[in-house]
$ cat coords.cif   # mmCIF, C-alpha atoms
data_query
loop_
_atom_site.label_atom_id
_atom_site.label_comp_id
_atom_site.auth_asym_id
_atom_site.auth_seq_id
_atom_site.Cartn_x
_atom_site.Cartn_y
_atom_site.Cartn_z
CA MET A 1 84.24 89.24 82.94
CA THR A 2 82.24 92.45 82.58
CA PHE A 3 83.54 95.94 83.26
CA THR A 4 81.73 96.03 86.61
CA ASP A 5 83.16 92.73 87.81
CA PRO A 6 85.16 93.71 90.95
CA ALA A 7 88.04 91.43 90.00
CA ALA A 8 88.32 93.10 86.59
CA MET A 9 88.18 96.57 88.16
CA ARG A 10 90.88 95.60 90.65
CA GLU A 11 93.10 94.30 87.85
CA THR A 12 92.68 97.57 85.94
CA LEU A 13 93.42 99.74 88.98
CA LEU A 14 96.57 97.80 89.84
CA ALA A 15 97.76 98.03 86.23
CA ILE A 16 97.22 101.80 86.38
CA ALA A 17 99.30 101.97 89.57
CA ARG A 18 102.12 99.88 88.09
CA GLN A 19 102.38 101.83 84.85
CA ALA A 20 102.14 105.21 86.59
CA VAL A 21 105.21 104.31 88.64
CA GLU A 22 107.07 102.68 85.76
CA ALA A 23 106.70 105.86 83.72
CA VAL A 24 108.76 107.82 86.26
CA ARG A 25 111.47 105.35 87.15
CA PRO A 26 114.68 107.37 87.73
CA GLY A 27 116.85 105.18 85.51
CA PRO A 28 115.04 105.77 82.22
CA ALA A 29 114.41 109.40 83.15
CA LEU A 30 118.12 110.09 83.76
CA HIS A 31 119.26 108.16 80.70
CA GLY A 32 116.79 110.18 78.65
CA ALA A 33 118.17 113.50 79.88
CA VAL A 34 121.89 112.74 80.32
CA ARG A 35 124.37 110.89 78.14
CA ARG A 36 128.14 110.65 77.83
CA GLU A 37 130.08 110.56 74.59
CA GLY A 38 133.74 110.19 75.51
CA ASN A 39 134.72 113.43 77.23
CA ARG A 40 131.44 115.07 76.33
CA LEU A 41 128.62 115.03 78.87
CA ILE A 42 125.34 116.09 77.28
CA VAL A 43 122.65 117.20 79.72
CA ASP A 44 119.28 118.14 78.27
CA GLY A 45 120.92 119.38 75.07
CA GLU A 46 123.82 121.28 76.65
CA THR A 47 127.36 119.90 76.38
CA TYR A 48 130.00 119.87 79.14
CA ASP A 49 133.65 119.07 78.35
CA LEU A 50 134.68 116.62 81.07
CA SER A 51 138.38 117.12 80.27
CA ARG A 52 138.09 120.64 81.77
CA TYR A 53 137.29 119.30 85.24
CA LYS A 54 139.69 117.76 87.76
CA ARG A 55 136.89 116.01 89.61
CA VAL A 56 133.33 114.98 88.85
CA LEU A 57 131.37 114.73 92.08
CA LEU A 58 127.86 113.59 92.82
CA LEU A 59 125.86 114.74 95.83
CA GLY A 60 122.15 114.80 96.42
CA ALA A 61 119.17 113.86 98.53
CA GLY A 62 115.60 112.64 98.26
CA LYS A 63 113.53 109.48 98.10
CA ALA A 64 114.69 108.85 94.53
CA SER A 65 118.30 109.94 94.98
CA ALA A 66 119.82 106.44 95.27
CA SER A 67 118.19 105.28 92.04
CA MET A 68 119.20 108.53 90.36
CA ALA A 69 122.78 108.03 91.53
CA LEU A 70 122.78 104.49 90.14
CA ALA A 71 121.82 105.82 86.71
CA LEU A 72 124.46 108.54 86.87
CA GLU A 73 127.11 105.98 87.82
CA GLU A 74 126.13 103.99 84.74
CA ILE A 75 126.42 107.09 82.56
CA LEU A 76 129.66 108.51 84.00
CA GLY A 77 131.51 105.25 84.67
CA GLU A 78 135.09 105.72 85.83
CA ARG A 79 134.84 109.48 85.30
CA LEU A 80 132.85 109.85 88.53
CA ASP A 81 135.30 110.47 91.34
CA ARG A 82 133.07 110.40 94.38
CA GLY A 83 129.41 110.50 95.32
CA LEU A 84 127.20 110.94 98.38
CA VAL A 85 123.39 110.83 98.52
CA VAL A 86 120.85 110.71 101.34
CA THR A 87 117.56 108.84 101.04
CA LYS A 88 114.74 107.56 103.22
CA TYR A 89 115.14 104.43 105.32
CA GLY A 90 114.58 101.39 103.13
CA HIS A 91 115.08 103.30 99.87
CA GLY A 92 118.86 102.86 99.65
CA LEU A 93 120.99 100.86 97.21
CA ASN A 94 124.53 99.49 97.22
CA LEU A 95 126.46 101.58 94.69
CA ASP A 96 130.04 101.39 93.44
CA ARG A 97 131.24 104.99 93.64
CA THR A 98 128.50 106.65 95.67
CA GLU A 99 127.98 106.39 99.41
CA VAL A 100 124.29 106.10 100.28
CA LEU A 101 123.08 107.34 103.67
CA GLU A 102 119.58 106.90 105.07
CA SER A 103 117.60 109.12 107.42
CA GLY A 104 114.13 109.94 108.70
CA HIS A 105 111.10 111.15 106.76
CA PRO A 106 108.74 113.02 107.12
CA VAL A 107 110.04 114.02 110.56
CA PRO A 108 113.83 114.61 110.51
CA ASP A 109 116.18 112.74 112.83
CA GLU A 110 119.80 112.70 114.08
CA PRO A 111 121.15 110.64 111.14
CA GLY A 112 119.62 113.30 108.88
CA VAL A 113 121.50 116.06 110.67
CA ALA A 114 124.76 114.09 110.34
CA ALA A 115 124.03 113.39 106.66
CA ALA A 116 123.36 117.09 105.99
CA ASP A 117 126.73 117.93 107.55
CA ARG A 118 128.40 115.40 105.27
CA ILE A 119 126.66 116.91 102.22
CA LEU A 120 127.82 120.41 103.19
CA GLU A 121 131.40 119.25 103.82
CA LEU A 122 131.62 117.71 100.36
CA ALA A 123 130.01 120.78 98.80
CA TRP A 124 132.47 123.12 100.54
CA SER A 125 135.37 121.02 99.18
CA ALA A 126 134.31 121.69 95.56
CA THR A 127 136.45 124.12 93.58
CA ALA A 128 136.17 125.98 90.30
CA ASP A 129 137.84 122.97 88.67
CA ASP A 130 135.06 120.57 89.71
CA LEU A 131 131.78 119.53 88.11
CA VAL A 132 129.11 118.54 90.62
CA LEU A 133 125.98 116.61 89.65
CA CYS A 134 123.16 116.92 92.19
CA PRO A 135 120.35 114.34 91.97
CA ILE A 136 117.49 115.89 93.94
CA SER A 137 113.98 114.59 94.55
CA GLY A 138 111.11 115.03 96.95
CA GLY A 139 111.73 114.14 100.56
CA ALA A 140 115.05 115.96 100.77
CA SER A 141 113.54 118.69 102.96
CA ALA A 142 113.17 116.23 105.84
CA LEU A 143 116.10 113.95 105.01
CA VAL A 144 118.81 116.62 105.38
CA PRO A 145 117.52 119.08 108.02
CA ALA A 146 120.67 121.23 108.71
CA PRO A 147 119.07 123.55 111.33
CA VAL A 148 120.42 127.10 111.48
CA PRO A 149 122.07 127.97 114.81
CA PRO A 150 120.91 128.25 117.52
CA LEU A 151 117.99 126.04 116.48
CA SER A 152 118.25 122.34 117.27
CA LEU A 153 116.93 119.19 115.68
CA ALA A 154 114.26 119.00 118.38
CA HIS A 155 113.02 122.47 117.37
CA LYS A 156 112.77 121.40 113.73
CA GLN A 157 111.06 118.12 114.62
CA ALA A 158 108.39 119.87 116.66
CA ALA A 159 107.82 122.51 113.99
CA THR A 160 107.62 119.83 111.28
CA ARG A 161 104.97 117.85 113.17
CA GLU A 162 102.81 120.94 113.57
CA LEU A 163 103.23 121.93 109.92
CA LEU A 164 102.36 118.45 108.65
CA GLY A 165 99.21 118.30 110.75
CA CYS A 166 97.79 121.76 110.07
CA GLY A 167 96.79 121.20 106.43
CA ALA A 168 99.26 123.70 104.98
CA PRO A 169 100.26 123.09 101.32
CA ILE A 170 103.80 121.99 100.61
CA ASP A 171 104.98 125.38 99.33
CA GLU A 172 104.10 126.95 102.70
CA ILE A 173 105.64 124.11 104.69
CA ASN A 174 108.83 124.38 102.66
CA ALA A 175 108.95 128.17 102.98
CA ILE A 176 109.37 127.73 106.72
CA ARG A 177 111.77 124.81 106.31
CA LYS A 178 113.98 126.97 104.08
CA HIS A 179 114.19 129.71 106.67
CA LEU A 180 115.25 127.25 109.36
CA SER A 181 117.96 125.56 107.28
CA ARG A 182 121.56 126.11 106.17
CA LEU A 183 121.10 123.87 103.14
CA LYS A 184 117.75 124.80 101.62
CA GLY A 185 116.58 127.98 99.90
CA GLY A 186 119.72 128.11 97.75
CA GLY A 187 122.01 127.13 100.63
CA LEU A 188 123.55 124.23 98.73
CA ALA A 189 124.27 126.48 95.76
CA GLY A 190 126.11 128.83 98.11
CA ALA A 191 128.14 125.94 99.54
CA LEU A 192 129.07 124.68 96.04
CA GLU A 193 130.33 128.05 94.77
CA PRO A 194 132.53 128.37 92.65
CA ALA A 195 132.08 124.85 91.21
CA THR A 196 129.96 124.14 88.14
CA ALA A 197 126.79 122.39 89.32
CA ILE A 198 124.01 120.60 87.45
CA THR A 199 121.00 119.73 89.56
CA LEU A 200 118.93 116.90 88.10
CA ILE A 201 115.44 116.96 89.59
CA ILE A 202 112.54 114.57 89.91
CA SER A 203 109.67 116.88 90.77
CA ASP A 204 107.11 116.17 93.49
CA VAL A 205 105.58 119.65 93.44
CA VAL A 206 102.54 120.97 91.59
CA GLY A 207 103.78 123.31 88.86
CA ASP A 208 107.36 121.94 89.13
CA ARG A 209 108.47 125.02 91.10
CA LEU A 210 112.24 124.81 91.53
CA ASP A 211 112.19 126.86 94.73
CA VAL A 212 109.71 124.43 96.34
CA ILE A 213 110.97 120.99 95.20
CA ALA A 214 113.08 119.65 98.08
CA SER A 215 112.95 123.23 99.45
CA GLY A 216 115.06 124.50 96.55
CA PRO A 217 118.65 123.73 97.63
CA THR A 218 120.13 125.07 94.38
CA SER A 219 117.39 127.49 93.37
CA PRO A 220 116.72 131.16 94.19
CA ASP A 221 114.06 131.43 96.87
CA ARG A 222 110.98 133.61 96.43
CA SER A 223 109.71 133.27 100.01
CA THR A 224 110.71 135.58 102.87
CA PHE A 225 110.73 135.68 106.65
CA ALA A 226 107.62 137.84 106.41
CA ASP A 227 105.88 135.09 104.42
CA CYS A 228 106.79 132.58 107.12
CA LEU A 229 105.27 134.72 109.84
CA ASP A 230 102.10 135.05 107.79
CA ILE A 231 101.94 131.26 107.36
CA LEU A 232 102.22 130.74 111.11
CA ASP A 233 99.44 133.24 111.69
CA ARG A 234 97.04 131.89 109.05
CA HIS A 235 97.39 128.30 110.23
CA ARG A 236 97.20 129.29 113.91
CA LEU A 237 100.62 127.86 114.63
CA CYS A 238 101.79 130.70 116.84
CA GLY A 239 102.23 129.23 120.29
CA ARG A 240 102.25 125.70 118.88
CA VAL A 241 105.66 125.64 117.19
CA PRO A 242 108.63 126.03 119.55
CA ASP A 243 109.23 129.53 120.90
CA GLU A 244 112.74 129.39 119.45
CA VAL A 245 111.34 128.88 115.94
CA GLU A 246 108.91 131.78 116.28
CA ARG A 247 111.68 133.99 117.66
CA HIS A 248 114.06 133.14 114.81
CA LEU A 249 111.44 133.90 112.16
CA ALA A 250 110.42 137.13 113.91
CA GLU A 251 114.05 138.26 114.15
CA GLY A 252 114.50 137.44 110.48
CA GLY A 253 111.50 139.56 109.67
CA GLN A 254 113.23 142.41 111.49
CA GLY A 255 116.36 141.97 109.38
CA LEU A 256 118.42 140.37 112.16
CA HIS A 257 119.10 137.19 110.17
CA SER A 258 120.20 136.75 106.58
CA GLU A 259 117.48 135.94 104.09
CA THR A 260 117.56 132.82 101.93
CA ARG A 261 119.42 133.13 98.62
CA LYS A 262 117.52 135.25 96.09
CA ALA A 263 117.61 135.67 92.30
CA GLY A 264 120.72 137.57 91.23
CA ASP A 265 122.95 136.01 93.88
CA PRO A 266 126.29 135.14 92.21
CA CYS A 267 126.17 131.64 93.71
CA PHE A 268 123.66 130.72 90.97
CA ASP A 269 125.89 131.85 88.09
CA ARG A 270 127.34 128.37 87.55
CA VAL A 271 124.29 126.36 88.61
CA ARG A 272 121.84 124.76 86.20
CA ASN A 273 118.58 123.11 87.31
CA VAL A 274 117.04 120.46 85.03
CA ILE A 275 113.77 118.63 85.69
CA VAL A 276 114.01 115.06 84.37
CA ALA A 277 110.66 113.63 85.56
CA GLY A 278 107.38 114.82 87.04
CA ASN A 279 103.77 113.96 87.66
CA ALA A 280 102.68 114.50 84.05
CA MET A 281 104.77 111.48 83.03
CA ALA A 282 103.06 109.33 85.69
CA LEU A 283 99.64 110.43 84.43
CA ASP A 284 100.65 109.49 80.89
CA GLY A 285 101.62 106.02 82.12
CA ALA A 286 98.32 105.67 83.98
CA ALA A 287 96.43 106.75 80.86
CA ARG A 288 98.18 104.08 78.77
CA ALA A 289 97.19 101.40 81.27
CA ALA A 290 93.57 102.56 81.34
CA ARG A 291 93.37 102.48 77.56
CA GLN A 292 94.88 98.99 77.43
CA HIS A 293 92.08 97.80 79.71
CA GLY A 294 89.32 99.29 77.60
CA TYR A 295 88.79 102.64 79.36
CA GLU A 296 89.08 106.02 77.69
CA PRO A 297 91.42 108.06 79.91
CA VAL A 298 90.45 111.63 80.78
CA ILE A 299 93.01 113.68 82.71
CA VAL A 300 90.78 116.06 84.64
CA ASP A 301 93.42 117.69 86.86
CA ASN A 302 97.22 117.76 86.69
CA ALA A 303 97.55 120.21 89.59
CA MET A 304 95.44 118.52 92.26
CA GLU A 305 95.65 120.31 95.61
CA GLY A 306 93.46 120.88 98.64
CA GLU A 307 92.06 118.84 101.51
CA ALA A 308 92.19 115.15 100.51
CA ARG A 309 88.63 114.30 101.47
CA ASP A 310 87.19 117.35 99.68
CA VAL A 311 89.13 116.73 96.47
CA ALA A 312 88.10 113.06 96.54
CA ARG A 313 84.42 113.89 96.89
CA ASP A 314 84.64 116.38 94.03
CA LEU A 315 86.27 113.80 91.75
CA VAL A 316 83.62 111.17 92.52
CA HIS A 317 80.87 113.75 92.04
CA LEU A 318 82.34 114.42 88.57
CA ALA A 319 82.33 110.67 87.94
CA GLY A 320 78.62 110.71 88.74
CA GLU A 321 78.14 113.24 85.94
CA TYR A 322 79.73 110.78 83.50
CA CYS A 323 77.55 107.96 84.84
CA ALA A 324 74.46 110.10 84.24
CA GLY A 325 75.49 110.76 80.63
CA ARG A 326 76.05 114.48 81.17
CA ARG A 327 79.73 114.38 80.12
CA ASP A 328 81.61 113.22 77.05
CA PRO A 329 83.05 110.77 76.27
CA GLY A 330 80.64 108.17 77.52
CA PRO A 331 81.74 105.19 79.66
CA PRO A 332 83.89 103.20 79.91
CA VAL A 333 85.96 106.15 81.11
CA CYS A 334 88.85 106.50 83.54
CA LEU A 335 89.16 109.89 85.24
CA LEU A 336 92.76 110.67 86.23
CA ALA A 337 94.15 113.38 88.47
CA GLY A 338 97.66 114.13 89.63
CA GLY A 339 99.11 116.36 92.32
CA GLU A 340 99.33 116.39 96.07
CA THR A 341 96.52 116.89 98.53
CA THR A 342 96.80 117.71 102.22
CA VAL A 343 95.24 116.36 105.41
CA THR A 344 94.26 118.41 108.42
CA LEU A 345 94.50 116.09 111.42
CA HIS A 346 91.42 115.97 113.63
CA GLY A 347 91.85 112.49 115.04
CA ASN A 348 94.66 110.24 116.24
CA GLY A 349 94.43 107.41 113.71
CA LYS A 350 96.92 106.16 111.17
CA GLY A 351 97.02 106.74 107.44
CA GLY A 352 98.15 109.11 104.74
CA ARG A 353 96.63 111.50 102.26
CA ASN A 354 96.08 108.79 99.62
CA GLN A 355 94.32 106.42 102.02
CA GLU A 356 92.19 109.30 103.29
CA PHE A 357 91.43 110.26 99.68
CA ALA A 358 90.35 106.70 98.84
CA LEU A 359 88.16 106.39 101.95
CA ALA A 360 86.39 109.70 101.36
CA ALA A 361 85.92 108.78 97.69
CA GLY A 362 84.48 105.42 98.68
CA LEU A 363 81.96 107.00 101.02
CA GLU A 364 80.91 109.41 98.28
CA MET A 365 80.56 106.48 95.85
CA ALA A 366 78.41 104.60 98.34
CA SER A 367 76.03 107.55 98.57
CA MET A 368 75.33 107.24 94.82
CA LYS A 369 73.11 104.18 95.03
CA GLU A 370 72.20 104.32 91.34
CA HIS A 371 75.81 104.40 90.12
CA ARG A 372 77.99 102.89 92.87
CA HIS A 373 78.18 99.48 91.09
CA ARG A 374 79.78 101.25 88.09
CA MET A 375 82.68 102.99 89.88
CA ALA A 376 86.01 102.10 91.44
CA VAL A 377 88.69 104.38 92.89
CA LEU A 378 92.46 104.26 93.40
CA SER A 379 94.74 106.76 95.10
CA LEU A 380 98.48 106.16 94.87
CA GLY A 381 101.57 107.81 96.32
CA THR A 382 104.21 107.23 93.66
CA ASP A 383 107.01 106.92 96.24
CA GLY A 384 105.39 103.79 97.68
CA THR A 385 104.85 105.19 101.17
CA ASP A 386 101.71 107.09 102.11
CA GLY A 387 102.15 109.00 105.35
CA PRO A 388 103.76 107.05 108.22
CA THR A 389 102.60 103.69 106.84
CA ASP A 390 103.85 100.79 104.73
CA ALA A 391 101.14 101.38 102.13
CA ALA A 392 101.32 103.49 98.98
CA GLY A 393 97.58 104.14 99.07
CA ALA A 394 94.36 102.19 98.69
CA TRP A 395 91.60 101.26 96.29
CA VAL A 396 87.83 101.00 96.63
CA LEU A 397 85.70 98.62 94.55
CA PRO A 398 81.88 98.51 94.30
CA ASP A 399 81.80 95.79 96.98
CA THR A 400 84.35 97.37 99.37
CA LEU A 401 82.01 99.63 101.33
CA THR A 402 79.19 97.20 102.03
CA PRO A 403 76.27 98.48 104.16
CA ASP A 404 77.65 96.83 107.29
CA ARG A 405 80.96 98.71 106.85
CA MET A 406 79.56 102.19 106.31
CA GLU A 407 79.47 103.24 109.95
CA ALA A 408 83.03 102.04 110.53
CA ALA A 409 84.20 103.80 107.36
CA GLY A 410 82.74 107.12 108.49
CA ALA A 411 84.26 106.77 111.94
CA SER A 412 87.65 105.92 110.45
CA LEU A 413 87.56 109.01 108.25
CA ASP A 414 86.63 111.20 111.21
CA ASN A 415 89.59 109.79 113.16
CA ASN A 416 92.07 110.01 110.24
CA ASP A 417 92.33 106.22 110.56
CA ALA A 418 91.99 105.02 106.97
CA TYR A 419 94.86 102.52 107.35
CA ALA A 420 92.98 100.49 109.94
CA PHE A 421 89.83 100.45 107.82
CA PHE A 422 91.55 99.35 104.62
CA SER A 423 93.57 96.74 106.50
CA GLY A 424 90.21 95.15 107.29
CA THR A 425 88.97 95.25 103.69
CA GLY A 426 92.22 94.00 102.16
CA THR A 427 92.41 96.94 99.76
CA LEU A 428 95.59 98.64 100.90
CA LEU A 429 98.01 99.17 98.02
CA LYS A 430 101.47 98.02 99.09
CA THR A 431 104.21 98.47 96.50
CA GLY A 432 107.23 98.76 98.76
CA PRO A 433 109.71 101.60 98.15
CA THR A 434 109.55 102.59 94.48
CA ARG A 435 112.66 104.80 94.71
CA THR A 436 110.94 107.54 92.77
CA ASN A 437 108.60 110.35 93.86
CA VAL A 438 106.36 112.53 91.68
CA MET A 439 103.45 113.15 94.05
CA ASP A 440 100.18 111.24 93.73
CA VAL A 441 97.92 109.74 91.07
CA ALA A 442 94.17 109.23 91.55
CA ALA A 443 91.95 107.21 89.22
CA VAL A 444 88.20 106.65 89.03
CA LEU A 445 86.89 103.92 86.77
CA ILE A 446 83.41 104.43 85.28
CA ALA A 447 81.89 101.35 83.68
CA PRO A 448 79.07 101.41 81.12
CA ASP A 449 75.56 100.94 82.50
CA ASP A 450 74.80 97.97 80.25
CA SER A 451 77.56 96.02 82.03
CA ARG A 452 75.44 95.69 85.20
CA PRO A 453 75.57 91.99 86.16
#
$ encode --input "coords.cif" --output "structure tokens"
Amino acid sequence: MTFTDPAAMRETLLAIARQAVEAVRPGPALHGAVRREGNRLIVDGETYDLSRYKRVLLLGAGKASASMALALEEILGERLDRGLVVTKYGHGLNLDRTEVLESGHPVPDEPGVAAADRILELAWSATADDLVLCPISGGASALVPAPVPPLSLAHKQAATRELLGCGAPIDEINAIRKHLSRLKGGGLAGALEPATAITLIISDVVGDRLDVIASGPTSPDRSTFADCLDILDRHRLCGRVPDEVERHLAEGGQGLHSETRKAGDPCFDRVRNVIVAGNAMALDGAARAARQHGYEPVIVDNAMEGEARDVARDLVHLAGEYCAGRRDPGPPVCLLAGGETTVTLHGNGKGGRNQEFALAAGLEMASMKEHRHRMAVLSLGTDGTDGPTDAAGAWVLPDTLTPDRMEAAGASLDNNDAYAFFSGTGTLLKTGPTRTNVMDVAAVLIAPDDSRP
């Protein structure tokens, strides 16, 4: 097979997807950062004397939290007294010492509210004699909503839907979530005081910002009520989110509600936050797979953000530069990018940011008649679920967007309906729940010109 053989390109793209996910599996990540030697627990180089603590508790949330809890059970053994984690439906595991609850994502639901109450109850029970390990990963913002009174779950659901559809980046979405929650923006750290807490984090945020990952439950918050009001204004959400949400944020801006926990708050004195895995590790895994299949990997962006279709077009345009011989190294090359794009909803179709990325990239590829036979694209959500679908993303080969499919592809993109299009081409990437979450990985294969069939 030549480099431009579609079957060979498909095999390479799927290998890249597999190794990107394998590189950020929670088990190896936790075992690499945490180990136990008798009564000594060593976390990222710092030692904790387990004999000083009456109880060792585990509580956390996120799409990867069940797998993280499994690894921590293996490390702690009988020394773990009790655990409770909350994960997305279908991402749970049966554990020995840790209760696993499941709830809704990306829009919160009633089981999530109940789970958040359980998390807070266990946190409030912790004393100065307890050590609490908190496995946290992306998704926790929706999984444990904990609305501040008098706001209700319905208020948070409506606000979440508007935020997810307006194209706002995750740091802005989470700024508002924090100011509507009892648990986020350092709220969990406040509930755990005066216990010793170690938060072990799998990052799904560009730049690994502790105050943004999972809305920063054990981290000082840099955002304010005033920031939230500005976000509503810039994204034209005033009048679209519930009146009660606007009123709460406005009252907070007037000093009528307590701010989220800020740097210097004593509740952080006995809290340590440790990142154990992130997108860079997934990109490294993808790069290894590309190299094994004969492509020279080039990581062009490890902080990918912006509208999915725009970022996709830019990446394919860059691939065209490599095809034309205007970039080094020469093909075969695999361009890799990691991060998290956004989608502004204009239609009523079904899909996610990775499927939209792949569809926009495919249309851009198809416009490059001279080079389209030399390129293939993959966009992968490392958690295994892209938007409200059962796909992790999609791939596009040289023969995916045939001339007779072009009109349908453009219409699907306009309607945010990439899932339906890729269902018809058979190029949806379905991994099932991966039980990890470090944002997205995009890959563009560029074959040498002399491999044209």
$ closest_residue --input "coords.cif" --among "A:Ser379, A:Ser152, A:Ser137, A:Asn302" --to "A:Asn354" --atoms "only C-alpha atoms"
A:Ser379
$ atom_distance --input "coords.cif" --atom1 "atom CA of A:His235" --atom2 "atom CA of A:Gly252"
19.4 Å
$ closest_residue --input "coords.cif" --among "A:Val333, A:Phe421, A:Leu363, A:Pro403" --to "A:Gly351" --atoms "all atoms listed in the file"
A:Phe421
$ residues_around --input "coords.cif" --residues "A:Leu164" --least-positions-apart "3" --cutoff "9 Å" --atoms "all atoms listed in the file" --output "NGL selection string"
:A and (106 or 159-161 or 167-170 or 173 or 342-345)
$ closest_residue --input "coords.cif" --among "A:Cys228, A:Ala324, A:Ala114, A:Leu80" --to "A:His248" --atoms "all atoms listed in the file"
A:Cys228
$ atom_distance --input "coords.cif" --atom1 "atom CA of A:Leu210" --atom2 "atom CA of A:Val271"
12.5 Å
$ resolve_selection --input "coords.cif" --expression "the PyMOL selection byres ((chain A and resi 408) around 12)" --output "PyMOL selection string"
chain A and resi 359+363+401-407+409-415+417-418+420-422+424-425
$ closest_atom_pairs --input "coords.cif" --of "stretch 163-225 of chain A" --to "stretch 433-448 of chain A" --cutoff "10 Å" --atoms "all atoms listed in the file" --output "CSV"
residue,atom,partner,partner_atom,distance
A:Ile202,CA,A:Val438,CA,6.7
A:Ser203,CA,A:Val438,CA,5.5
A:Asp204,CA,A:Val438,CA,4.1
A:Val205,CA,A:Met439,CA,6.9
A:Val206,CA,A:Met439,CA,8.2
A:Asp208,CA,A:Val438,CA,9.8
$ atom_distance --input "coords.cif" --atom1 "atom CA of A:Pro220" --atom2 "atom CA of A:Val276"
19.1 Å
$ closest_residue --input "coords.cif" --among "A:Arg18, A:Arg261, A:Arg234, A:Lys88" --to "A:Ala286" --atoms "all atoms listed in the file"
A:Arg18
$ residues_around --input "coords.cif" --residues "stretch 141-151 of chain A" --least-positions-apart "2" --cutoff "8 Å" --atoms "all atoms listed in the file" --output "ChimeraX atom specification"
/A:61-62,86-88,102-109,112-113,115-117,138-139,153,155-156,174,177,180-184,214-215,244-245
